[in-house]
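Coordinates as given in entry.cif (mmCIF, C-alpha atoms (C1' of nucleotides)):
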```cif
data_upload
loop_
_atom_site.label_atom_id
_atom_site.label_comp_id
_atom_site.auth_asym_id
_atom_site.auth_seq_id
_atom_site.Cartn_x
_atom_site.Cartn_y
_atom_site.Cartn_z
CA MET A 140 3.32 6.15 -0.51
CA LYS A 141 0.05 8.03 -0.27
CA TYR A 142 -2.37 9.30 2.32
CA SER A 143 -5.58 7.30 2.32
CA GLN A 144 -8.87 8.57 1.00
CA ALA A 145 -10.21 8.30 4.54
CA THR A 146 -7.77 11.00 5.61
CA ASN A 147 -9.13 13.21 2.89
CA TYR A 148 -12.69 12.72 4.14
CA ALA A 149 -11.63 13.23 7.74
CA LEU A 150 -9.95 16.54 6.98
CA HIS A 151 -12.93 17.86 5.05
CA THR A 152 -15.33 16.72 7.73
CA MET A 153 -13.30 18.33 10.47
CA LEU A 154 -13.17 21.54 8.49
CA HIS A 155 -16.95 21.64 8.62
CA ILE A 156 -17.13 20.79 12.30
CA VAL A 157 -14.56 23.44 13.14
CA SER A 158 -16.65 25.97 11.24
CA LEU A 159 -19.69 25.39 13.47
CA PRO A 160 -20.78 27.99 16.01
CA SER A 161 -19.45 26.88 19.42
CA GLY A 162 -21.51 24.15 21.02
CA THR A 163 -23.46 23.37 17.89
CA THR A 164 -23.52 19.83 16.55
CA LEU A 165 -23.59 18.48 13.04
CA GLY A 166 -25.22 15.18 12.12
CA LEU A 167 -23.76 12.21 10.34
CA GLN A 168 -26.39 12.35 7.61
CA GLN A 169 -25.61 15.94 6.74
CA LEU A 170 -21.87 15.41 6.77
CA ALA A 171 -22.25 12.37 4.55
CA GLU A 172 -24.52 14.21 2.16
CA ILE A 173 -22.15 17.13 1.73
CA GLN A 174 -19.36 14.82 0.67
CA ALA A 175 -21.55 12.34 -1.20
CA LEU A 176 -20.57 9.47 1.05
CA SER A 177 -22.35 6.53 2.59
CA PRO A 178 -23.18 7.43 6.20
CA THR A 179 -21.98 4.14 7.64
CA TYR A 180 -18.65 4.47 5.94
CA LEU A 181 -18.18 8.02 7.13
CA SER A 182 -19.20 6.84 10.58
CA LYS A 183 -16.21 4.51 10.72
CA ILE A 184 -13.93 7.40 9.93
CA LEU A 185 -15.54 9.71 12.47
CA THR A 186 -15.36 7.05 15.16
CA LYS A 187 -11.59 7.16 14.82
CA LEU A 188 -11.71 10.89 15.39
CA VAL A 189 -13.85 10.33 18.46
CA LYS A 190 -11.44 7.77 19.88
CA ALA A 191 -8.56 10.14 19.21
CA GLY A 192 -10.32 12.68 21.41
CA LEU A 193 -10.88 15.30 18.72
CA ILE A 194 -14.68 15.25 18.63
CA GLU A 195 -17.46 13.72 20.64
CA SER A 196 -20.74 12.23 19.51
CA THR A 197 -24.19 12.17 21.02
CA PRO A 198 -26.82 9.80 19.67
CA GLY A 199 -30.49 10.53 19.80
CA VAL A 200 -32.89 12.90 18.21
CA HIS A 201 -30.82 16.02 17.92
CA GLY A 202 -27.48 14.30 18.21
CA GLY A 203 -24.43 14.66 16.05
CA TYR A 204 -20.78 15.54 16.39
CA LYS A 205 -19.11 18.47 18.04
CA LEU A 206 -15.63 19.57 18.96
CA VAL A 207 -14.03 18.69 22.27
CA LYS A 208 -11.18 21.15 22.31
CA PRO A 209 -11.19 24.81 21.29
CA LYS A 210 -11.22 25.03 17.50
CA GLU A 211 -7.93 26.89 17.44
CA GLU A 212 -6.14 23.81 18.75
CA VAL A 213 -7.12 21.37 16.03
CA SER A 214 -4.14 20.86 13.74
CA PHE A 215 -3.86 19.03 10.44
CA LEU A 216 -1.54 16.57 12.13
CA ASP A 217 -4.12 15.72 14.79
CA VAL A 218 -6.61 14.65 12.16
CA ILE A 219 -4.11 12.83 9.99
CA GLN A 220 -2.65 10.83 12.84
CA ALA A 221 -6.11 9.91 14.09
CA ILE A 222 -6.72 8.18 10.77
CA GLU A 223 -3.31 7.02 9.62
CA GLY A 224 -1.90 6.14 13.01
CA THR A 225 1.40 7.28 14.45
CA ALA A 226 3.71 4.56 13.16
CA SER A 227 6.79 5.92 11.45
CA LEU A 228 6.93 6.25 7.68
CA PHE A 229 10.07 4.20 7.42
CA HIS A 230 11.35 1.23 9.30
CA CYS A 231 14.65 -0.40 8.55
CA GLY A 232 13.98 -4.12 8.34
CA ALA A 233 17.60 -5.22 8.68
CA GLY A 234 17.52 -7.19 11.92
CA LEU A 235 20.64 -6.05 13.76
CA GLN A 236 20.56 -2.45 12.73
CA HIS A 237 17.01 -1.27 13.42
CA ASP A 238 18.26 1.41 15.78
CA SER A 239 21.77 2.04 14.56
CA CYS A 240 20.68 2.32 10.92
CA VAL A 241 21.83 5.70 9.69
CA ILE A 242 19.28 5.70 6.90
CA GLN A 243 16.48 5.29 9.36
CA HIS A 244 17.83 8.22 11.32
CA VAL A 245 17.62 10.52 8.31
CA MET A 246 14.15 9.33 7.46
CA LYS A 247 13.03 9.95 11.00
CA ASP A 248 14.33 13.49 10.85
CA ALA A 249 12.54 14.08 7.57
CA GLU A 250 9.31 12.80 9.04
CA ALA A 251 9.76 15.07 12.03
CA ARG A 252 9.93 18.07 9.70
CA LEU A 253 6.75 16.99 7.98
CA GLU A 254 4.89 16.51 11.25
CA SER A 255 6.14 19.71 12.71
CA TYR A 256 4.71 21.68 9.81
CA LEU A 257 1.40 19.86 9.90
CA GLN A 258 1.19 20.52 13.60
CA GLU A 259 1.59 24.25 13.07
CA ARG A 260 -1.18 24.48 10.52
CA LYS A 261 -4.66 24.58 12.05
CA LEU A 262 -7.94 23.78 10.37
CA VAL A 263 -9.55 26.92 11.72
CA GLU A 264 -7.46 28.93 9.28
CA PHE A 265 -9.90 27.87 6.61
CA ALA A 266 -13.12 27.77 8.57
CA HIS A 267 -14.65 30.50 6.42
CA GLN A 268 -14.39 28.18 3.42
CA SER A 269 -17.06 25.99 4.94
CA GLU A 270 -19.54 28.76 5.72
CA ASP A 271 -21.44 28.37 2.46
CA TRP A 272 -22.36 24.81 3.25
CA LEU A 273 -23.40 25.59 6.78
CA LYS A 274 -25.61 28.53 5.76
CA ARG A 275 -27.32 26.36 3.21
CA LEU A 276 -28.03 23.83 5.93
CA GLU A 277 -29.55 26.49 8.18
CA GLN A 278 -31.96 27.56 5.48
CA GLN A 279 -33.43 24.07 5.19
CA PRO A 280 -33.38 22.95 8.81
CA VAL A 281 -34.26 19.46 9.98
CA MET B 297 1.01 5.68 4.94
CA LYS B 298 4.39 4.02 4.75
CA TYR B 299 7.38 3.79 2.50
CA SER B 300 7.64 0.44 0.81
CA GLN B 301 10.14 -2.21 1.72
CA ALA B 302 11.59 -1.82 -1.77
CA THR B 303 12.58 1.73 -0.88
CA ASN B 304 14.40 0.40 2.13
CA TYR B 305 16.36 -2.05 -0.02
CA ALA B 306 17.07 0.60 -2.62
CA LEU B 307 18.51 3.01 -0.07
CA HIS B 308 20.74 0.39 1.48
CA THR B 309 21.91 -0.80 -1.91
CA MET B 310 22.70 2.71 -3.04
CA LEU B 311 24.62 3.30 0.15
CA HIS B 312 26.90 0.42 -0.81
CA ILE B 313 27.29 1.56 -4.40
CA VAL B 314 28.11 5.08 -3.31
CA SER B 315 30.80 3.70 -1.03
CA LEU B 316 32.64 2.03 -3.90
CA PRO B 317 35.94 3.42 -5.19
CA SER B 318 35.18 5.47 -8.29
CA GLY B 319 34.66 3.40 -11.40
CA THR B 320 34.35 0.14 -9.51
CA THR B 321 31.26 -2.01 -9.95
CA LEU B 322 29.36 -4.21 -7.55
CA GLY B 323 27.48 -7.32 -8.64
CA LEU B 324 23.87 -8.23 -8.10
CA GLN B 325 24.80 -11.45 -6.31
CA GLN B 326 26.91 -9.68 -3.76
CA LEU B 327 24.36 -6.95 -3.15
CA ALA B 328 21.65 -9.54 -2.72
CA GLU B 329 23.77 -11.59 -0.37
CA ILE B 330 24.57 -8.65 1.88
CA GLN B 331 20.91 -7.92 2.39
CA ALA B 332 19.75 -11.55 2.36
CA LEU B 333 17.52 -11.03 -0.66
CA SER B 334 16.68 -13.01 -3.73
CA PRO B 335 18.80 -11.66 -6.61
CA THR B 336 15.94 -11.52 -9.08
CA TYR B 337 13.84 -9.49 -6.72
CA LEU B 338 16.63 -7.07 -5.99
CA SER B 339 17.19 -6.85 -9.74
CA LYS B 340 13.70 -5.48 -10.26
CA ILE B 341 14.40 -2.76 -7.73
CA LEU B 342 17.77 -1.89 -9.21
CA THR B 343 16.29 -1.71 -12.68
CA LYS B 344 14.14 1.14 -11.45
CA LEU B 345 17.25 2.93 -10.27
CA VAL B 346 18.83 2.35 -13.67
CA LYS B 347 15.83 3.77 -15.48
CA ALA B 348 15.85 6.75 -13.16
CA GLY B 349 19.40 7.46 -14.31
CA LEU B 350 21.06 6.94 -10.94
CA ILE B 351 23.17 3.89 -11.77
CA GLU B 352 24.09 1.91 -14.83
CA SER B 353 24.51 -1.79 -15.28
CA THR B 354 26.84 -3.87 -17.40
CA PRO B 355 26.21 -7.56 -17.90
CA GLY B 356 28.93 -10.08 -18.53
CA VAL B 357 31.81 -11.57 -16.64
CA HIS B 358 32.93 -8.68 -14.50
CA GLY B 359 29.71 -6.75 -14.78
CA GLY B 360 27.63 -5.16 -12.08
CA TYR B 361 26.32 -1.77 -11.12
CA LYS B 362 28.08 1.55 -10.82
CA LEU B 363 27.18 5.16 -10.32
CA VAL B 364 26.42 7.49 -13.20
CA LYS B 365 26.74 10.82 -11.43
CA PRO B 366 29.35 11.93 -8.89
CA LYS B 367 28.56 10.32 -5.55
CA GLU B 368 28.12 13.69 -3.87
CA GLU B 369 25.03 14.35 -5.97
CA VAL B 370 22.97 11.33 -4.97
CA SER B 371 20.31 12.44 -2.51
CA PHE B 372 17.87 10.41 -0.45
CA LEU B 373 15.06 11.93 -2.46
CA ASP B 374 16.54 10.73 -5.74
CA VAL B 375 16.46 7.14 -4.58
CA ILE B 376 13.06 7.37 -2.94
CA GLN B 377 11.39 8.92 -5.95
CA ALA B 378 12.94 6.37 -8.26
CA ILE B 379 11.08 3.66 -6.35
CA GLU B 380 7.96 5.36 -5.05
CA GLY B 381 7.32 7.61 -8.00
CA THR B 382 6.68 11.33 -7.91
CA ALA B 383 2.91 11.44 -7.43
CA SER B 384 1.82 13.69 -4.60
CA LEU B 385 1.04 12.29 -1.18
CA PHE B 386 -2.39 13.77 -1.06
CA HIS B 387 -5.02 14.38 -3.68
CA CYS B 388 -8.37 15.93 -2.92
CA GLY B 389 -10.94 13.70 -4.56
CA ALA B 390 -13.80 16.21 -4.46
CA GLY B 391 -14.48 16.74 -8.15
CA LEU B 392 -14.96 20.49 -8.45
CA GLN B 393 -12.33 21.55 -5.97
CA HIS B 394 -9.24 19.60 -6.92
CA ASP B 395 -7.26 22.77 -7.41
CA SER B 396 -9.05 25.24 -5.22
CA CYS B 397 -9.08 22.88 -2.23
CA VAL B 398 -7.36 24.67 0.62
CA ILE B 399 -6.60 21.41 2.37
CA GLN B 400 -4.73 20.16 -0.64
CA HIS B 401 -2.72 23.33 -0.66
CA VAL B 402 -1.51 22.80 2.89
CA MET B 403 -0.68 19.18 2.21
CA LYS B 404 1.30 20.15 -0.83
CA ASP B 405 3.33 22.62 1.21
CA ALA B 406 3.99 19.98 3.83
CA GLU B 407 5.16 17.55 1.20
CA ALA B 408 7.45 20.19 -0.25
CA ARG B 409 9.14 20.53 3.14
CA LEU B 410 9.65 16.81 3.34
CA GLU B 411 11.12 16.59 -0.14
CA SER B 412 13.32 19.60 0.34
CA TYR B 413 14.93 18.02 3.36
CA LEU B 414 15.40 14.67 1.66
CA GLN B 415 16.98 16.43 -1.28
CA GLU B 416 19.54 18.11 0.98
CA ARG B 417 20.65 14.91 2.61
CA LYS B 418 23.09 12.88 0.50
CA LEU B 419 23.90 9.21 0.77
CA VAL B 420 27.62 9.89 0.65
CA GLU B 421 27.40 11.32 4.17
CA PHE B 422 27.27 7.75 5.42
CA ALA B 423 29.53 6.04 2.91
CA HIS B 424 31.96 5.05 5.63
CA GLN B 425 29.25 2.94 7.23
CA SER B 426 29.44 0.57 4.31
CA GLU B 427 33.20 0.13 4.31
CA ASP B 428 33.15 -2.94 6.51
CA TRP B 429 31.09 -4.85 4.00
CA LEU B 430 33.21 -3.80 1.10
CA LYS B 431 36.51 -4.72 2.77
CA ARG B 432 35.10 -8.11 3.61
CA LEU B 433 34.23 -8.60 -0.04
CA GLU B 434 37.76 -7.67 -1.12
CA GLN B 435 39.28 -10.30 1.14
CA GLN B 436 37.33 -13.09 -0.52
CA PRO B 437 37.40 -11.94 -4.13
CA VAL B 438 35.50 -13.60 -6.90
"C1'" DA C 8 -42.51 3.60 24.21
"C1'" DA C 9 -40.89 5.33 19.84
"C1'" DA C 10 -38.28 7.83 16.73
"C1'" DT C 11 -33.81 9.22 15.80
"C1'" DT C 12 -29.22 8.87 15.74
"C1'" DA C 13 -24.45 6.87 16.17
"C1'" DC C 14 -21.72 2.34 16.51
"C1'" DA C 15 -19.91 -2.35 15.55
"C1'" DG C 16 -19.07 -6.50 12.94
"C1'" DA C 17 -18.97 -9.27 9.04
"C1'" DC C 18 -18.22 -9.29 4.51
"C1'" DT C 19 -16.67 -8.10 -0.50
"C1'" DC C 20 -13.96 -6.43 -4.18
"C1'" DA C 21 -10.06 -4.54 -6.24
"C1'" DC C 22 -5.51 -3.14 -6.09
"C1'" DT C 23 -0.71 -3.19 -4.37
"C1'" DT C 24 3.23 -5.23 -2.27
"C1'" DT C 25 6.43 -8.71 -2.00
"C1'" DA C 26 8.18 -11.83 -3.54
"C1'" DT C 27 9.56 -16.64 -6.62
"C1'" DC C 28 10.63 -19.17 -10.75
"C1'" DT C 29 11.88 -19.64 -15.42
"C1'" DA C 30 13.65 -18.12 -19.48
"C1'" DT C 31 16.19 -14.64 -22.25
"C1'" DA C 32 19.63 -11.10 -23.64
"C1'" DA C 33 24.08 -9.11 -23.40
"C1'" DT C 34 28.99 -8.92 -22.38
"C1'" DA C 35 34.02 -10.43 -21.38
"C1'" DG C 36 37.47 -13.60 -21.86
"C1'" DA C 37 39.52 -18.08 -23.59
"C1'" DT D 140 33.32 -18.04 -31.95
"C1'" DC D 141 32.18 -20.59 -27.78
"C1'" DT D 142 31.23 -20.37 -22.99
"C1'" DA D 143 30.67 -18.76 -18.54
"C1'" DT D 144 28.88 -14.98 -16.27
"C1'" DT D 145 25.90 -11.56 -15.40
"C1'" DA D 146 21.66 -8.64 -15.68
"C1'" DT D 147 16.58 -8.34 -17.41
"C1'" DA D 148 11.83 -9.43 -18.52
"C1'" DG D 149 7.60 -11.97 -17.87
"C1'" DA D 150 4.41 -14.88 -15.66
"C1'" DT D 151 2.60 -16.15 -11.57
"C1'" DA D 152 1.03 -16.18 -6.69
"C1'" DA D 153 0.23 -15.31 -1.87
"C1'" DA D 154 -0.68 -11.84 1.46
"C1'" DG D 155 -1.93 -7.49 2.86
"C1'" DT D 156 -4.34 -3.04 2.56
"C1'" DG D 157 -7.90 0.28 1.11
"C1'" DA D 158 -12.47 1.37 0.22
"C1'" DG D 159 -16.85 0.56 0.68
"C1'" DT D 160 -21.64 -1.97 1.60
"C1'" DC D 161 -25.06 -4.22 4.42
"C1'" DT D 162 -27.23 -5.60 8.50
"C1'" DG D 163 -28.05 -5.28 12.99
"C1'" DT D 164 -27.34 -3.08 17.77
"C1'" DA D 165 -26.93 0.45 21.37
"C1'" DA D 166 -27.87 4.85 23.25
"C1'" DT D 167 -30.39 9.17 23.82
"C1'" DT D 168 -34.30 12.58 23.52
"C1'" DT D 169 -39.10 13.57 23.27
#
```

Structure translated into structure tokens:
Amino acid sequence: MKYSQATNYALHTMLHIVSLPSGTTLGLQQLAEIQALSPTYLSKILTKLVKAGLIESTPGVHGGYKLVKPKEEVSFLDVIQAIEGTASLFHCGAGLQHDSCVIQHVMKDAEARLESYLQERKLVEFAHQSEDWLKRLEQQPV
Amino acid sequence: MKYSQATNYALHTMLHIVSLPSGTTLGLQQLAEIQALSPTYLSKILTKLVKAGLIESTPGVHGGYKLVKPKEEVSFLDVIQAIEGTASLFHCGAGLQHDSCVIQHVMKDAEARLESYLQERKLVEFAHQSEDWLKRLEQQPV
DNA sequence: AAATTACAGACTCACTTTATCTATAATAGA
DNA sequence: TCTATTATAGATAAAGTGAGTCTGTAATTT
């Protein structure tokens, strides 16, 4: 069991977007360049974040991505679930049981602990980490 | 991200083994039958549990599987890690960072919470759930 | 109208999961 | 020691998932 690479990219990308001055946008090209990724691939990941309601995109000349909600509200869990989905980690296959399975109940509780913690932690806690990148971008503007 | 089906089988199988009277063994055929699985496939799963030091196997006429440690010591985490391995859920690919990545740090903490909970919960809590199956097996002995 | 930007779909490649089948090794009991 | 019984290892295969590329399309600003 592992989180996908896409989740890794999504978290790093969101860290950069959260670090933007309010209202500012950041372009796909720049985000892809920072992480050494193909833009079209990163686009697929970001589209999931758009559909999850975390960011919004505007095409066109000075388009890009920007936050929808206040940056303080963006949790790790929000980003992770946007990419990985919300299906439960464990599902007891045994036909009859399914609901009555005690094992499943424990696993569900464990997952709840995990999610609760990831909901508490917000990306904005580490926004300063991304400032270097953003300053470098300002110095060589488009 | 999901736990594998094999983990599901392993947990259910261990629940049965934990429910055995001390010293008693349970055969591969019976365990496979209960869960409607091919014996050879289940064997591969159980071999992992053997190598992890949770159970031991004896071939031969009245062979089967039995616990190594006291039943009270077998946690959910023990079984899960025997099947899934102990690699971390999340690994920041970004070359330089790897250790300094703040995202990875949060993810590691989250995982620690998950594992801590699964370590606390023991399979023996639900041993009684398996009694029905075991009694039925006694009534039609080999 | 044109340049710029994000989006969608089809496709590929490699790896993992979930098995199945066959053959082999080890043990207990006659 | 022979034999039945049981677990194990190896080869194989089908299906699914993850990761990524390429090409083309839609939308917006100037």

Around (31.4, -3.7, -18.5), as given in the file, which residues come within 12 Å? Count only C-alpha atoms (C1' of nucleotides) and list them as number ranges by chain. B: 319-323, 352-362; C: 33-35; D: 144-146

Which residues of chain C sit at most 12 Å from chain B, using all atoms listed in the file? Give each one's shortest atom pair and distance in Å (one decimal place), in chain and ascending residue order, as a tab-separated table.
```
residue	atom	partner	partner_atom	distance
C:DT23	C1'	B:Ser300	CA	10.5
C:DT24	C1'	B:Ser300	CA	7.8
C:DT25	C1'	B:Gln301	CA	8.4
C:DA26	C1'	B:Tyr337	CA	6.9
C:DT27	C1'	B:Tyr337	CA	8.3
C:DC28	C1'	B:Thr336	CA	9.5
C:DT29	C1'	B:Thr336	CA	11.1
C:DA32	C1'	B:Pro355	CA	9.4
C:DA33	C1'	B:Pro355	CA	6.1
C:DT34	C1'	B:Gly356	CA	4.0
C:DA35	C1'	B:Val357	CA	5.4
C:DG36	C1'	B:Val357	CA	8.0
```

Evaluate the PyMOL selection byres ((chain B and resi 313) around 12) and record the selected residues as number ranges by chain, following the chain and residue labels used in the document. B: 306-312, 314-324, 326-327, 342, 345, 350-353, 360-367, 370, 419-420, 422-427, 429-430

Answer key for the PyMOL selection byres ((chain D) within 8 of (chain A)), residues as an MDAnalysis selection string: chainID D and resid 157 159 166:168

Reference answer for the PyMOL selection byres ((chain B) within 10 of (chain A)), as an NGL selection string: :B and (297-301 or 303-305 or 307-308 or 311 or 331-332 or 372 or 380-390 or 397-400 or 402-403 or 405-414 or 417-419 or 421-422 or 425)

Atomic separation - atom CA of A:Lys190 relative to atom CA of A:Gln168, Å: 19.9 Å

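A straight line drawn from atom C1' of D:DT156 to atom C1' of C:DA21 is 10.6 Å long.
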
In Å, rounded to a single decimal, give me how far atom CA of A:Val189 is from atom C1' of C:DC18.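 Taking atom C1' of C:DC18 as the start and atom CA of A:Val189 as the end point, the length is 24.5 Å.
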